[in-house]
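*Asks:* For reference, this is query00.pdb, and it has PDB, C-alpha atoms and all ligand atoms.
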ATOM      1  CA  MET A   9      60.358 119.133 101.983
ATOM      2  CA  THR A  10      63.579 121.131 101.648
ATOM      3  CA  GLN A  11      66.971 119.966 102.930
ATOM      4  CA  ASP A  12      66.729 122.642 105.600
ATOM      5  CA  GLU A  13      63.344 121.331 106.772
ATOM      6  CA  ARG A  14      64.743 117.793 106.928
ATOM      7  CA  LYS A  15      67.579 119.036 109.116
ATOM      8  CA  THR A  16      65.092 120.778 111.431
ATOM      9  CA  LEU A  17      63.026 117.614 111.701
ATOM     10  CA  VAL A  18      65.947 115.372 112.722
ATOM     11  CA  ALA A  19      67.283 118.027 115.092
ATOM     12  CA  GLN A  20      63.954 118.047 116.928
ATOM     13  CA  ALA A  21      63.690 114.250 116.861
ATOM     14  CA  ALA A  22      67.056 113.993 118.650
ATOM     15  CA  LEU A  23      65.559 115.543 121.809
ATOM     16  CA  ARG A  24      63.950 112.208 122.617
ATOM     17  CA  TYR A  25      67.431 110.744 123.280
ATOM     18  CA  ILE A  26      68.138 113.180 126.104
ATOM     19  CA  THR A  27      67.751 111.900 129.630
ATOM     20  CA  PRO A  28      66.513 114.634 132.029
ATOM     21  CA  ASN A  29      69.254 116.201 134.150
ATOM     22  CA  SER A  30      72.074 114.761 132.061
ATOM     23  CA  ILE A  31      75.142 116.339 130.473
ATOM     24  CA  ILE A  32      75.192 115.774 126.740
ATOM     25  CA  GLY A  33      77.811 115.905 123.995
ATOM     26  CA  VAL A  34      77.065 118.406 121.246
ATOM     27  CA  GLY A  35      78.657 118.393 117.804
ATOM     28  CA  THR A  36      79.126 121.045 115.142
ATOM     29  CA  GLY A  37      77.519 122.125 111.886
ATOM     30  CA  SER A  38      74.290 123.429 110.395
ATOM     31  CA  THR A  39      72.204 120.428 111.523
ATOM     32  CA  VAL A  40      73.598 120.688 115.040
ATOM     33  CA  ASN A  41      72.831 124.418 115.074
ATOM     34  CA  LYS A  42      69.189 123.440 114.633
ATOM     35  CA  PHE A  43      69.576 120.875 117.399
ATOM     36  CA  ILE A  44      70.977 123.558 119.723
ATOM     37  CA  GLU A  45      67.927 125.726 118.988
ATOM     38  CA  ALA A  46      65.658 122.779 119.812
ATOM     39  CA  LEU A  47      67.666 122.081 122.958
ATOM     40  CA  ALA A  48      66.987 125.602 124.187
ATOM     41  CA  THR A  49      63.280 124.695 124.441
ATOM     42  CA  ILE A  50      64.065 122.044 127.083
ATOM     43  CA  LYS A  51      67.123 123.689 128.647
ATOM     44  CA  SER A  52      65.727 123.612 132.186
ATOM     45  CA  THR A  53      65.917 119.794 132.010
ATOM     46  CA  VAL A  54      69.537 119.708 130.760
ATOM     47  CA  ARG A  55      72.429 119.959 133.215
ATOM     48  CA  GLY A  56      74.906 121.073 130.589
ATOM     49  CA  ALA A  57      76.842 120.178 127.471
ATOM     50  CA  VAL A  58      80.340 119.268 126.367
ATOM     51  CA  SER A  59      80.882 120.951 123.033
ATOM     52  CA  SER A  60      82.996 119.917 120.050
ATOM     53  CA  SER A  61      83.859 123.403 118.795
ATOM     54  CA  ASN A  62      84.183 127.043 119.770
ATOM     55  CA  ALA A  63      81.287 127.797 117.399
ATOM     56  CA  SER A  64      78.893 125.393 119.148
ATOM     57  CA  THR A  65      80.089 126.569 122.567
ATOM     58  CA  GLU A  66      79.172 130.154 121.668
ATOM     59  CA  ARG A  67      75.710 129.125 120.462
ATOM     60  CA  LEU A  68      75.030 126.989 123.541
ATOM     61  CA  ARG A  69      76.101 129.739 125.929
ATOM     62  CA  ALA A  70      74.102 132.372 124.045
ATOM     63  CA  LEU A  71      70.988 130.262 124.689
ATOM     64  CA  GLY A  72      71.799 129.893 128.372
ATOM     65  CA  ILE A  73      73.035 126.286 128.269
ATOM     66  CA  ALA A  74      76.038 125.581 130.515
ATOM     67  CA  VAL A  75      79.140 124.310 128.695
ATOM     68  CA  LEU A  76      81.580 122.080 130.570
ATOM     69  CA  GLN A  77      85.124 121.074 129.624
ATOM     70  CA  ALA A  78      85.575 117.491 128.409
ATOM     71  CA  ASN A  79      88.072 116.987 131.245
ATOM     72  CA  GLU A  80      85.425 117.782 133.852
ATOM     73  CA  VAL A  81      83.197 114.875 132.806
ATOM     74  CA  GLU A  82      83.938 111.163 132.737
ATOM     75  CA  VAL A  83      81.213 109.654 130.574
ATOM     76  CA  LEU A  84      78.431 111.265 128.589
ATOM     77  CA  ASP A  85      75.157 109.448 127.964
ATOM     78  CA  VAL A  86      74.771 110.686 124.470
ATOM     79  CA  TYR A  87      76.606 112.590 121.742
ATOM     80  CA  ILE A  88      74.552 114.299 119.044
ATOM     81  CA  ASP A  89      76.228 115.388 115.846
ATOM     82  CA  GLY A  90      75.841 115.544 112.078
ATOM     83  CA  ALA A  91      77.890 113.866 109.355
ATOM     84  CA  ASP A  92      79.145 114.580 105.867
ATOM     85  CA  GLU A  93      78.547 110.951 104.853
ATOM     86  CA  ILE A  94      77.134 107.908 106.615
ATOM     87  CA  ASP A  95      77.070 104.363 105.265
ATOM     88  CA  GLY A  96      74.846 101.352 105.955
ATOM     89  CA  SER A  97      76.917 100.308 109.003
ATOM     90  CA  GLY A  98      76.958 103.707 110.712
ATOM     91  CA  TYR A  99      80.521 104.537 109.610
ATOM     92  CA  MET A 100      80.897 108.219 108.803
ATOM     93  CA  ILE A 101      83.002 110.895 107.228
ATOM     94  CA  LYS A 102      83.036 114.016 109.389
ATOM     95  CA  GLY A 103      84.983 117.254 109.564
ATOM     96  CA  GLY A 104      83.352 119.369 106.881
ATOM     97  CA  GLY A 105      83.027 121.993 109.616
ATOM     98  CA  ALA A 106      86.689 121.530 110.643
ATOM     99  CA  ALA A 107      85.792 120.218 114.110
ATOM    100  CA  LEU A 108      86.666 116.535 113.607
ATOM    101  CA  THR A 109      89.283 116.210 116.361
ATOM    102  CA  ARG A 110      87.095 117.486 119.170
ATOM    103  CA  GLU A 111      84.141 115.625 117.674
ATOM    104  CA  LYS A 112      86.043 112.347 117.890
ATOM    105  CA  ILE A 113      87.129 113.091 121.458
ATOM    106  CA  VAL A 114      83.598 113.856 122.677
ATOM    107  CA  ALA A 115      82.154 110.911 120.723
ATOM    108  CA  ALA A 116      84.693 108.616 122.411
ATOM    109  CA  GLN A 117      83.511 109.883 125.814
ATOM    110  CA  SER A 118      79.885 109.096 125.019
ATOM    111  CA  ARG A 119      77.900 105.905 125.414
ATOM    112  CA  LYS A 120      75.755 106.563 122.343
ATOM    113  CA  PHE A 121      76.400 108.504 119.140
ATOM    114  CA  ILE A 122      73.180 109.812 117.596
ATOM    115  CA  CYS A 123      73.869 111.063 114.089
ATOM    116  CA  ILE A 124      71.405 113.631 112.728
ATOM    117  CA  ALA A 125      71.490 114.090 108.978
ATOM    118  CA  ASP A 126      69.348 114.684 105.931
ATOM    119  CA  ASP A 127      69.198 111.849 103.452
ATOM    120  CA  SER A 128      71.717 113.436 101.051
ATOM    121  CA  LYS A 129      74.373 112.192 103.509
ATOM    122  CA  ARG A 130      73.495 108.503 103.187
ATOM    123  CA  VAL A 131      76.012 106.679 100.927
ATOM    124  CA  GLN A 132      76.890 103.120  99.978
ATOM    125  CA  VAL A 133      80.675 103.639 100.197
ATOM    126  CA  LEU A 134      82.469 106.504 101.992
ATOM    127  CA  GLY A 135      84.706 108.808  99.981
ATOM    128  CA  THR A 136      82.717 110.956  97.586
ATOM    129  CA  PHE A 137      82.866 113.762 100.157
ATOM    130  CA  PRO A 138      86.533 114.857 100.351
ATOM    131  CA  LEU A 139      87.961 113.333 103.525
ATOM    132  CA  PRO A 140      88.998 115.968 106.120
ATOM    133  CA  VAL A 141      92.268 115.208 107.908
ATOM    134  CA  GLU A 142      93.624 117.480 110.641
ATOM    135  CA  ILE A 143      97.402 117.612 110.491
ATOM    136  CA  ILE A 144     100.489 119.194 112.043
ATOM    137  CA  PRO A 145     101.492 121.738 109.355
ATOM    138  CA  MET A 146     105.131 120.555 108.984
ATOM    139  CA  ALA A 147     103.880 117.103 107.890
ATOM    140  CA  ALA A 148     101.582 118.362 105.097
ATOM    141  CA  ALA A 149     103.768 117.398 102.129
ATOM    142  CA  GLN A 150     104.643 113.958 103.509
ATOM    143  CA  ILE A 151     100.998 113.126 104.311
ATOM    144  CA  THR A 152      99.937 114.402 100.877
ATOM    145  CA  ARG A 153     102.384 111.934  99.278
ATOM    146  CA  GLN A 154     101.064 109.090 101.436
ATOM    147  CA  PHE A 155      97.479 109.769 100.356
ATOM    148  CA  ALA A 156      98.621 109.996  96.721
ATOM    149  CA  ARG A 157      99.957 106.420  97.024
ATOM    150  CA  MET A 158      96.395 105.411  97.983
ATOM    151  CA  GLY A 159      94.955 107.255  94.994
ATOM    152  CA  GLY A 160      93.911 110.316  97.023
ATOM    153  CA  ASP A 161      94.448 113.945  96.080
ATOM    154  CA  ALA A 162      95.015 115.867  99.334
ATOM    155  CA  ARG A 163      94.444 119.620  99.212
ATOM    156  CA  LEU A 164      95.134 122.097 101.987
ATOM    157  CA  ARG A 165      91.880 123.717 103.175
ATOM    158  CA  LEU A 166      92.054 127.480 102.728
ATOM    159  CA  GLN A 167      90.079 130.373 104.151
ATOM    160  CA  ALA A 168      88.363 132.911 101.905
ATOM    161  CA  ASN A 169      91.477 135.136 102.088
ATOM    162  CA  GLY A 170      93.663 132.342 100.676
ATOM    163  CA  GLU A 171      95.444 131.628 103.969
ATOM    164  CA  PRO A 172      95.374 128.059 105.370
ATOM    165  CA  LEU A 173      92.391 127.404 107.612
ATOM    166  CA  VAL A 174      93.485 127.057 111.234
ATOM    167  CA  THR A 175      91.423 124.690 113.392
ATOM    168  CA  ASP A 176      90.278 125.311 116.986
ATOM    169  CA  ASN A 177      93.396 123.280 117.896
ATOM    170  CA  GLY A 178      95.754 125.558 115.942
ATOM    171  CA  GLN A 179      96.429 123.008 113.187
ATOM    172  CA  HIS A 180      95.773 122.697 109.438
ATOM    173  CA  LEU A 181      93.359 120.563 107.453
ATOM    174  CA  LEU A 182      93.753 118.520 104.301
ATOM    175  CA  ASP A 183      90.694 117.556 102.243
ATOM    176  CA  VAL A 184      91.437 114.328 100.395
ATOM    177  CA  HIS A 185      89.597 113.836  97.115
ATOM    178  CA  GLY A 186      89.204 110.654  95.100
ATOM    179  CA  LEU A 187      89.164 108.038  97.885
ATOM    180  CA  ARG A 188      86.863 105.037  97.998
ATOM    181  CA  ILE A 189      86.878 103.780 101.593
ATOM    182  CA  THR A 190      85.584 100.211 101.481
ATOM    183  CA  ASP A 191      86.993  99.164 104.882
ATOM    184  CA  PRO A 192      86.590 102.201 107.191
ATOM    185  CA  LEU A 193      88.057 100.487 110.286
ATOM    186  CA  ALA A 194      91.236  99.400 108.474
ATOM    187  CA  PHE A 195      91.517 102.807 106.817
ATOM    188  CA  GLU A 196      91.180 104.661 110.117
ATOM    189  CA  ASN A 197      93.671 102.336 111.812
ATOM    190  CA  GLU A 198      96.295 102.818 109.113
ATOM    191  CA  THR A 199      96.067 106.539 108.398
ATOM    192  CA  SER A 200      95.679 107.603 112.038
ATOM    193  CA  GLN A 201      99.179 106.278 112.679
ATOM    194  CA  TRP A 202     100.955 108.359 110.078
ATOM    195  CA  PRO A 203     103.270 110.855 111.789
ATOM    196  CA  GLY A 204     101.752 114.335 111.750
ATOM    197  CA  VAL A 205      98.151 113.158 111.441
ATOM    198  CA  VAL A 206      96.116 114.584 114.324
ATOM    199  CA  THR A 207      92.743 113.124 113.336
ATOM    200  CA  VAL A 208      91.332 111.408 110.273
ATOM    201  CA  GLY A 209      87.706 112.275 109.484
ATOM    202  CA  VAL A 210      86.690 108.624 109.155
ATOM    203  CA  PHE A 211      84.584 107.772 112.210
ATOM    204  CA  ALA A 212      84.769 103.990 112.302
ATOM    205  CA  HIS A 213      85.813 103.340 115.913
ATOM    206  CA  GLN A 214      83.426 106.129 116.932
ATOM    207  CA  LYS A 215      80.688 105.197 114.505
ATOM    208  CA  ALA A 216      77.028 106.075 114.986
ATOM    209  CA  ASP A 217      74.767 103.938 117.165
ATOM    210  CA  VAL A 218      71.689 105.506 115.629
ATOM    211  CA  CYS A 219      71.110 107.768 112.650
ATOM    212  CA  LEU A 220      68.027 109.988 112.497
ATOM    213  CA  LEU A 221      67.752 110.528 108.775
ATOM    214  CA  GLY A 222      65.563 113.300 107.376
ATOM    215  CA  THR A 223      63.668 112.036 104.329
ATOM    216  CA  ALA A 224      60.761 113.219 102.198
ATOM    217  CA  ASN A 225      58.537 110.964 104.337
ATOM    218  CA  GLY A 226      59.793 112.224 107.682
ATOM    219  CA  VAL A 227      62.423 110.941 110.106
ATOM    220  CA  GLN A 228      63.789 107.460 109.522
ATOM    221  CA  GLU A 229      65.590 105.895 112.505
ATOM    222  CA  LEU A 230      68.515 103.636 111.548
ATOM    223  CA  VAL A 231      69.964 101.555 114.377
ATOM    224  CA  PHE A 232      73.433 100.078 113.843
ATOM    225  CA  ASP A 233      75.000  96.990 115.300
ATOM    226  CA  GLN A 234      78.075  97.956 117.358
ATOM    227  CA  GLY A 235      79.763  94.563 117.415
ATOM    228  CA  GLN A 236      82.945  94.837 119.461
ATOM    229  CA  SER A 237      83.936  98.304 118.378
ATOM    230  CA  LYS A 238      82.366 100.388 121.176
ATOM    231  CA  SER A 239      84.728 101.028 124.066
ATOM    232  CA  CYS A 240      82.751 103.557 126.152
TER     233      CYS A 240
HETATM  234  C1  LIG B   1      81.713 119.309 111.386
HETATM  235  C2  LIG B   1      81.032 118.053 110.983
HETATM  236  C3  LIG B   1      79.581 118.156 110.669
HETATM  237  O1  LIG B   1      78.886 117.256 111.462
HETATM  238  C4  LIG B   1      79.367 117.830 109.220
HETATM  239  O2  LIG B   1      80.190 118.693 108.435
HETATM  240  C5  LIG B   1      77.905 117.999 108.798
HETATM  241  O3  LIG B   1      77.550 119.342 108.849
HETATM  242  P1  LIG B   1      76.126 119.872 108.418
HETATM  243  O4  LIG B   1      75.169 119.470 109.471
HETATM  244  O5  LIG B   1      76.332 121.361 108.318
HETATM  245  O6  LIG B   1      75.806 119.278 107.068
HETATM  246  O7  LIG B   1      81.581 116.994 110.908
HETATM  247  O8  LIG B   1      83.098 119.132 111.534
END
Take the structure I supplied and represent it as structure tokens, if you would.
Ligand code: 5RP

*Replies:*
Amino acid sequence: MTQDERKTLVAQAALRYITPNSIIGVGTGSTVNKFIEALATIKSTVRGAVSSSNASTERLRALGIAVLQANEVEVLDVYIDGADEIDGSGYMIKGGGAALTREKIVAAQSRKFICIADDSKRVQVLGTFPLPVEIIPMAAAQITRQFARMGGDARLRLQANGEPLVTDNGQHLLDVHGLRITDPLAFENETSQWPGVVTVGVFAHQKADVCLLGTANGVQELVFDQGQSKSC
């Protein structure tokens, strides 16, 4: 089975987490694009979605699914999104698609985070995938030095034309190479407080409740213990 087929499989499997007539949180990325296509097949049973990016909003609307603002909704039953890496506790690196800030906001509004990913995303320790960090541009050099003290090599994400990538929130992104994140909660706590950091792509406080992992043998469902970390 190809990686693409594994993504399709987990995207379809995620439909079983949707309660009829509910409003759901929808993430961003190639796996989520497949989920949005699957969602279209049951759209008459979905009240609407809160989306984590302009790209997903466009896709949802094109398929006739209503998109609400996060501020219009108090709590979402479920948030469905992909990941760049996920470890054995459900901690993730996210933001490869540059949508990490809105993804964290919608995840924090949701009772359950269902991660959909192919098995190339499953890791022992987070950090092989360069960590996305959304920043206020004037703080780039200072934050780069702070990551260097941790052994990280932070590089400004550029567009194809060589200009800095600008997020949906009008900010810049650093991709930090060379990290080994052995304590995701402590890492997220520390780096999120650095002045100029908008969002760190470690999802520890908003970790997954469940991961639907696409493998050669089909969909594997991993259920993670939330301990005390879930606030919604
Ligand atoms: C976007 C994300 C995505 O969930 C992550 O990059 C995985 O994407 P894909 O499903 O394309 O592999 O965090 O900001």

*Asks:* Hey, could you make a per-residue contact list for range 166-228 of chain A against range 38-57 of chain A with 12 Å as the cut-off, showing the nearest pair of atoms and its distance in Å to one decimal, counting only C-alpha atoms, sorted by chain and number, as a tab-separated table?

*Replies:*
residue	atom	partner	partner_atom	distance
A:Leu220	CA	A:Thr39	CA	11.3
A:Leu221	CA	A:Thr39	CA	11.2
A:Gly222	CA	A:Thr39	CA	10.6

*Asks:* Check which residues satisfy the PyMOL selection byres (((not hetatm)) within 7 of (chain B and resi 1)) in the file shown, then give them as a ChimeraX atom specification.

*Replies:* /A:35-40,89-92,102-108,125

*Asks:* Just how far from CA of Asp127 in chain A is CA of Leu230 in chain A, in Å to one decimal?

*Replies:*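 A separation of 11.6 Å between them.
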
*Asks:* Go through A:Arg14, A:Arg110, A:Arg67, A:Arg130 one by one, measure the shortest atom-to-atom distance of each to Gly33 in chain A using only C-alpha atoms, and give the residue with the smallest value.

*Replies:*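 Residue with the minimum atom-to-atom distance to Gly33 in chain A: A:Arg110.
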
*Asks:* With all atoms listed in the file counted and 9 Å as the cut-off, give the residues of range 103-204 of chain A in contact with range 17-32 of chain A, each with its shortest interatomic distance in Å and the pair that gives it, as a Markdown table.

*Replies:*
| residue | atom | partner | partner_atom | distance |
| --- | --- | --- | --- | --- |
| A:Ser118 | CA | A:Ile32 | CA | 8.3 |
| A:Ile122 | CA | A:Ala22 | CA | 7.5 |
| A:Cys123 | CA | A:Ala22 | CA | 8.7 |
| A:Ile124 | CA | A:Val18 | CA | 5.7 |
| A:Ala125 | CA | A:Val18 | CA | 6.8 |
| A:Asp126 | CA | A:Val18 | CA | 7.6 |

*Asks:* From the list A:Thr152, A:Ser60, A:Asn79, A:Gln167, which residue is nearest Thr199 in chain A when using only C-alpha atoms?

*Replies:*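 Looking only at the distances to Thr199 in chain A, the closest residue turns out to be A:Thr152.
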
*Asks:* What does the structure give for the distance between CA of Leu187 in chain A and CA of Asp217 in chain A, in Å to one decimal?

*Replies:* 24.4 Å

*Asks:* Written as a ChimeraX atom specification, which residues does the PyMOL selection byres (((chain A and resi 112) around 9) and not hetatm) give for the file shown?

*Replies:* /A:60,107-111,113-117,207,209,211,214
